[in-house]
Amino acid sequence: MRYKRILSFLLLFSLIFPSLSFADATPGDVILTLGQDLTETQKDAILKEMNAPENPQIVVVTNAEEHQYLGNYIPKARIGNKALSSASITIGEKGSGLDVTISKHITLITEEMYANALITAGVKDAKIYVTGPFDVSGTAALTGIIKAYEISSDQVIPEDVKQIANEEMVETTKLSEKIGAEDAAALMAKIKDEIAKNAPKNDEELRTIIVNAANDLGITLTDADIDRLMDLFKKLMDLNIDWNQVGEQLNLAKEKLTNFLESEEGQGFLDKLKEFFVSLIDAIKNLFK
């Protein structure tokens with residue numbers, strides 16, 4: 001349960017995942033991804049919301065691209081026929097980490113889900129903000145961020161990596177409908193951490209990792225859930241993913257969390273949290289006086 005609490009704090013500070021590195025970009029550079037079907041008025045509003053600089057680099061995401069990368073995992077009707085969600089990517093210093101924030105208009109994909117999928121695709125060292133003109137699923141944003149990475153880094157991400165990143169996001173979303181978004185993302189992260197520490201040699205060892213990770217987090221999985229996760233992580237392990245880097249970045253995130261909690265700011269946060277629960281307990285006691 002301690003690991004689960006750590007991951008909950010990591011959501012608050014967006015520290016759990018590694019970072020986005022653009023070969024031709026420098027720290028502070030901003031790249032925007034916009035859904036192709038935004039109206040001019042909506043584009044202007046989103047650019048203002050993102051505090052976009054003058055003449056920013058813009059990557060356009062089409063609905064066809066959404067269907068290309070999500071069509072195998074989400075019903076067409078759920079993807080829709082318009083690409084609307086958009087993102088702002090600010091390049092960070094090397095090793096600074098991935099910081100994902102979403103607006104209230106992103107209704108389906110959470111910050112952790114974006115981060116989980118982005119680490120799979122190799123995106124790192126950036127501050128990312130995702131939004132839409134109104135309530136939208138947010139599916140177009142992942143496609144846009146990955147597309148921006150390719151263009152800005154002048155690197156081609158293999159199609160199978162793009163597909164598995166989107167599949168992972170969708171699978172996490174499906175799982176979140178049963179156990180909650182926080183637990184679903186925490187489970188994915190813990191499984192990755194365990195694989196990074198001790199790569200399973202066969203299906204039995206992978207299943208054990210998944211089951212133990214769920215038990216450690218107090219999560220109940222059905223046999224069908226386990227089978228789907230087995231299928232997903234077997235695909236991930238077949239790709240050229242640097243699992244050592246995954247483990248290192250998770251350890252870095254925990255180290256940053258420890259530093260925060262030991263800082264004056266972190267202690268202040270914990271004191272306020274303690275005061276809240278003391279007040280809550282007192283209020284409950286008063287109800288029975």
# chains A, B, ... in the order shown; residues from 1 in each chain; ligands from 1
>>> residues_around(residues="range 56-68 of chain A", least_positions_apart="6", cutoff="6 Å", atoms="only C-alpha atoms", output="list in words")
Ile31, Leu32, Thr33, Leu34, Gly35, Gln36, Lys82, Ala83, Ala140 and Gly144 of chain A
>>> residues_around(residues="Gly138 in chain A", least_positions_apart="6", cutoff="9 Å", atoms="only C-alpha atoms", output="JSON list (two decimals) with N, CA and C atoms, in the first residue's frame")
[["chain", "number", "residue", "atom", "x", "y", "z"],
["A", 84, "LEU", "N", -10.20, 17.18, -32.03],
["A", 84, "LEU", "CA", -10.39, 18.46, -31.34],
["A", 84, "LEU", "C", -9.39, 18.69, -30.19],
["A", 85, "SER", "N", -9.01, 17.64, -29.47],
["A", 85, "SER", "CA", -8.11, 17.84, -28.34],
["A", 85, "SER", "C", -6.74, 18.28, -28.83],
["A", 86, "SER", "N", -6.09, 19.10, -28.04],
["A", 86, "SER", "CA", -4.83, 19.73, -28.45],
["A", 86, "SER", "C", -3.86, 19.75, -27.27],
["A", 105, "HIS", "N", -11.52, 19.97, -19.56],
["A", 105, "HIS", "CA", -12.24, 19.54, -20.74],
["A", 105, "HIS", "C", -11.82, 18.15, -21.24],
["A", 106, "ILE", "N", -10.76, 17.58, -20.67],
["A", 106, "ILE", "CA", -10.33, 16.23, -21.08],
["A", 106, "ILE", "C", -11.03, 15.24, -20.17],
["A", 107, "THR", "N", -11.97, 14.49, -20.72],
["A", 107, "THR", "CA", -12.88, 13.69, -19.90],
["A", 107, "THR", "C", -12.55, 12.21, -19.81],
["A", 108, "LEU", "N", -11.77, 11.68, -20.74],
["A", 108, "LEU", "CA", -11.53, 10.24, -20.78],
["A", 108, "LEU", "C", -10.12, 9.85, -20.34],
["A", 109, "ILE", "N", -9.12, 10.55, -20.83],
["A", 109, "ILE", "CA", -7.72, 10.20, -20.56],
["A", 109, "ILE", "C", -7.18, 11.04, -19.40],
["A", 110, "THR", "N", -6.55, 10.40, -18.43],
["A", 110, "THR", "CA", -6.00, 11.12, -17.29],
["A", 110, "THR", "C", -4.53, 11.45, -17.53],
["A", 130, "VAL", "N", -2.64, 19.46, -21.88],
["A", 130, "VAL", "CA", -3.62, 18.94, -22.82],
["A", 130, "VAL", "C", -4.98, 19.57, -22.55],
["A", 131, "THR", "N", -5.65, 20.01, -23.61],
["A", 131, "THR", "CA", -6.95, 20.64, -23.44],
["A", 131, "THR", "C", -7.81, 20.44, -24.68],
["A", 132, "GLY", "N", -9.02, 21.00, -24.65],
["A", 132, "GLY", "CA", -9.93, 20.95, -25.79],
["A", 132, "GLY", "C", -10.85, 22.15, -25.75]]
>>> select_by_dssp(residues="range 16-157 of chain A", states="strand (DSSP E)", output="CSV table (one decimal) with C-alpha atoms, in the first residue's frame")
chain,number,residue,atom,x,y,z
A,30,VAL,CA,7.2,25.4,-27.2
A,31,ILE,CA,5.5,23.1,-29.8
A,32,LEU,CA,1.7,23.0,-30.1
A,33,THR,CA,-0.5,20.3,-31.5
A,34,LEU,CA,-4.0,21.2,-32.6
A,35,GLY,CA,-6.9,19.1,-33.7
A,57,GLN,CA,5.6,25.6,-34.2
A,58,ILE,CA,2.3,23.9,-34.7
A,59,VAL,CA,1.6,20.2,-35.5
A,60,VAL,CA,-1.9,19.4,-36.9
A,61,VAL,CA,-3.6,16.2,-35.9
A,86,SER,CA,-4.8,19.7,-28.4
A,87,ALA,CA,-1.6,20.0,-26.5
A,88,SER,CA,1.2,22.3,-25.6
A,89,ILE,CA,4.7,20.9,-25.2
A,90,THR,CA,7.5,22.9,-23.6
A,91,ILE,CA,10.9,21.4,-24.0
A,98,LEU,CA,7.8,14.5,-17.9
A,99,ASP,CA,5.2,16.7,-16.5
A,100,VAL,CA,1.6,16.2,-17.8
A,101,THR,CA,-1.3,18.4,-16.9
A,102,ILE,CA,-4.8,18.2,-18.4
A,126,ALA,CA,9.0,18.1,-21.4
A,127,LYS,CA,6.1,19.9,-19.7
A,128,ILE,CA,2.8,18.9,-21.5
A,129,TYR,CA,-0.6,20.6,-21.2
A,130,VAL,CA,-3.6,18.9,-22.8
A,131,THR,CA,-7.0,20.6,-23.4
>>> residues_around(residues="Asp203 in chain A", least_positions_apart="4", cutoff="12 Å", atoms="only C-alpha atoms", output="PyMOL selection string")
chain A and resi 199+207-210+226-227+229-231+233-235+237
>>> write_last_selection(atoms="N, CA and C atoms", output="mmCIF file, in the first residue's frame")
data_model
loop_
_atom_site.group_PDB
_atom_site.id
_atom_site.type_symbol
_atom_site.label_atom_id
_atom_site.label_comp_id
_atom_site.auth_asym_id
_atom_site.auth_seq_id
_atom_site.Cartn_x
_atom_site.Cartn_y
_atom_site.Cartn_z
ATOM 1 N N ALA A 199 13.167 -8.914 -15.265
ATOM 2 C CA ALA A 199 12.432 -9.263 -16.483
ATOM 3 C C ALA A 199 11.953 -10.708 -16.432
ATOM 4 N N ARG A 207 2.818 -13.444 -15.347
ATOM 5 C CA ARG A 207 1.535 -13.502 -14.638
ATOM 6 C C ARG A 207 1.736 -13.262 -13.140
ATOM 7 N N THR A 208 2.802 -13.827 -12.599
ATOM 8 C CA THR A 208 3.095 -13.636 -11.181
ATOM 9 C C THR A 208 3.355 -12.171 -10.863
ATOM 10 N N ILE A 209 4.096 -11.495 -11.738
ATOM 11 C CA ILE A 209 4.374 -10.073 -11.547
ATOM 12 C C ILE A 209 3.068 -9.279 -11.527
ATOM 13 N N ILE A 210 2.187 -9.558 -12.469
ATOM 14 C CA ILE A 210 0.915 -8.833 -12.568
ATOM 15 C C ILE A 210 0.054 -9.079 -11.334
ATOM 16 N N ILE A 226 -6.409 -10.152 -16.068
ATOM 17 C CA ILE A 226 -5.022 -10.627 -16.067
ATOM 18 C C ILE A 226 -4.606 -11.053 -17.473
ATOM 19 N N ASP A 227 -5.495 -11.729 -18.161
ATOM 20 C CA ASP A 227 -5.184 -12.185 -19.521
ATOM 21 C C ASP A 227 -4.932 -11.000 -20.453
ATOM 22 N N LEU A 229 -3.904 -7.983 -19.581
ATOM 23 C CA LEU A 229 -2.633 -7.371 -19.193
ATOM 24 C C LEU A 229 -1.459 -8.229 -19.648
ATOM 25 N N MET A 230 -1.615 -9.532 -19.568
ATOM 26 C CA MET A 230 -0.578 -10.446 -20.071
ATOM 27 C C MET A 230 -0.323 -10.173 -21.548
ATOM 28 N N ASP A 231 -1.385 -10.077 -22.313
ATOM 29 C CA ASP A 231 -1.266 -9.836 -23.753
ATOM 30 C C ASP A 231 -0.571 -8.510 -24.032
ATOM 31 N N PHE A 233 1.490 -6.666 -21.999
ATOM 32 C CA PHE A 233 2.887 -6.600 -21.580
ATOM 33 C C PHE A 233 3.778 -7.559 -22.361
ATOM 34 N N LYS A 234 3.213 -8.634 -22.891
ATOM 35 C CA LYS A 234 3.999 -9.485 -23.779
ATOM 36 C C LYS A 234 4.357 -8.723 -25.052
ATOM 37 N N LYS A 235 3.414 -7.934 -25.550
ATOM 38 C CA LYS A 235 3.697 -7.101 -26.720
ATOM 39 C C LYS A 235 4.753 -6.049 -26.387
ATOM 40 N N MET A 237 7.086 -6.228 -24.176
ATOM 41 C CA MET A 237 8.387 -6.854 -23.985
ATOM 42 C C MET A 237 9.005 -7.311 -25.303
#
>>> residues_around(residues="Met188 in chain A", least_positions_apart="3", cutoff="12 Å", atoms="only C-alpha atoms", output="tab-separated table (two decimals) with C-alpha atoms, in the first residue's frame")
chain	number	residue	atom	x	y	z
A	4	LYS	CA	0.18	3.02	-3.95
A	7	LEU	CA	2.05	6.86	-6.85
A	16	ILE	CA	6.45	9.43	-12.19
A	17	PHE	CA	7.63	9.19	-15.77
A	112	GLU	CA	-1.17	9.32	-15.64
A	113	MET	CA	-2.58	7.55	-18.67
A	114	TYR	CA	-0.92	10.02	-21.03
A	115	ALA	CA	2.35	9.66	-19.13
A	116	ASN	CA	2.20	5.87	-19.16
A	117	ALA	CA	1.66	5.79	-22.92
A	119	ILE	CA	6.99	6.61	-21.76
A	120	THR	CA	6.25	3.59	-23.93
A	168	GLU	CA	-1.71	0.72	-23.50
A	169	MET	CA	-3.61	3.99	-23.02
A	171	GLU	CA	-6.32	-0.74	-21.88
A	172	THR	CA	-5.59	1.49	-18.89
A	173	THR	CA	-8.77	3.43	-19.62
A	175	LEU	CA	-9.31	-0.96	-16.50
A	176	SER	CA	-10.01	2.41	-14.89
A	181	ALA	CA	-8.20	5.80	-12.92
A	182	GLU	CA	-5.67	6.21	-10.10
A	183	ASP	CA	-5.45	2.49	-9.35
A	184	ALA	CA	-5.32	1.56	-13.04
A	185	ALA	CA	-2.40	3.90	-13.74
A	191	ILE	CA	4.11	-3.73	-13.33
A	192	LYS	CA	6.60	-1.79	-15.45
A	193	ASP	CA	8.76	-1.20	-12.39
A	194	GLU	CA	8.79	-4.90	-11.54
A	195	ILE	CA	9.59	-5.87	-15.14
A	209	ILE	CA	4.37	-10.07	-11.55
A	210	ILE	CA	0.91	-8.83	-12.57
A	211	VAL	CA	-0.90	-10.69	-9.78
A	213	ALA	CA	1.50	-6.01	-8.28
A	214	ALA	CA	-2.29	-5.99	-8.01
A	217	LEU	CA	-1.91	-2.25	-4.39
A	219	ILE	CA	-6.54	-4.30	-6.43
A	226	ILE	CA	-5.02	-10.63	-16.07
A	229	LEU	CA	-2.63	-7.37	-19.19
A	230	MET	CA	-0.58	-10.45	-20.07
A	232	LEU	CA	-0.36	-6.14	-23.49
A	233	PHE	CA	2.89	-6.60	-21.58
A	236	LEU	CA	5.60	-4.43	-24.81
>>> atom_distance(atom1="CA of Lys104 in chain A", atom2="CA of Val136 in chain A")
9.5 Å
>>> residues_around(residues="range 72-75 of chain A", least_positions_apart="5", cutoff="9 Å", atoms="only C-alpha atoms", output="MDAnalysis selection string")
chainID A and resid 67 80 163 166:167 170:171
>>> write_last_selection(atoms="N, CA and C atoms", output="tab-separated table (two decimals), in the first residue's frame")
chain	number	residue	atom	x	y	z
A	67	HIS	N	-8.06	7.50	-35.90
A	67	HIS	CA	-8.60	6.18	-36.24
A	67	HIS	C	-7.48	5.20	-36.59
A	80	GLY	N	-15.14	9.06	-32.75
A	80	GLY	CA	-15.81	10.20	-33.35
A	80	GLY	C	-15.24	10.55	-34.72
A	163	GLN	N	1.46	1.99	-32.06
A	163	GLN	CA	0.27	1.19	-31.82
A	163	GLN	C	0.19	0.71	-30.38
A	166	ASN	N	-0.73	3.48	-27.88
A	166	ASN	CA	-2.16	3.76	-27.88
A	166	ASN	C	-2.95	2.61	-27.25
A	167	GLU	N	-2.54	1.38	-27.53
A	167	GLU	CA	-3.22	0.24	-26.94
A	167	GLU	C	-3.09	0.27	-25.42
A	170	VAL	N	-5.49	2.82	-24.00
A	170	VAL	CA	-6.87	2.34	-24.06
A	170	VAL	C	-7.11	1.26	-23.01
A	171	GLU	N	-6.17	0.34	-22.87
A	171	GLU	CA	-6.32	-0.74	-21.88
A	171	GLU	C	-6.37	-0.16	-20.47
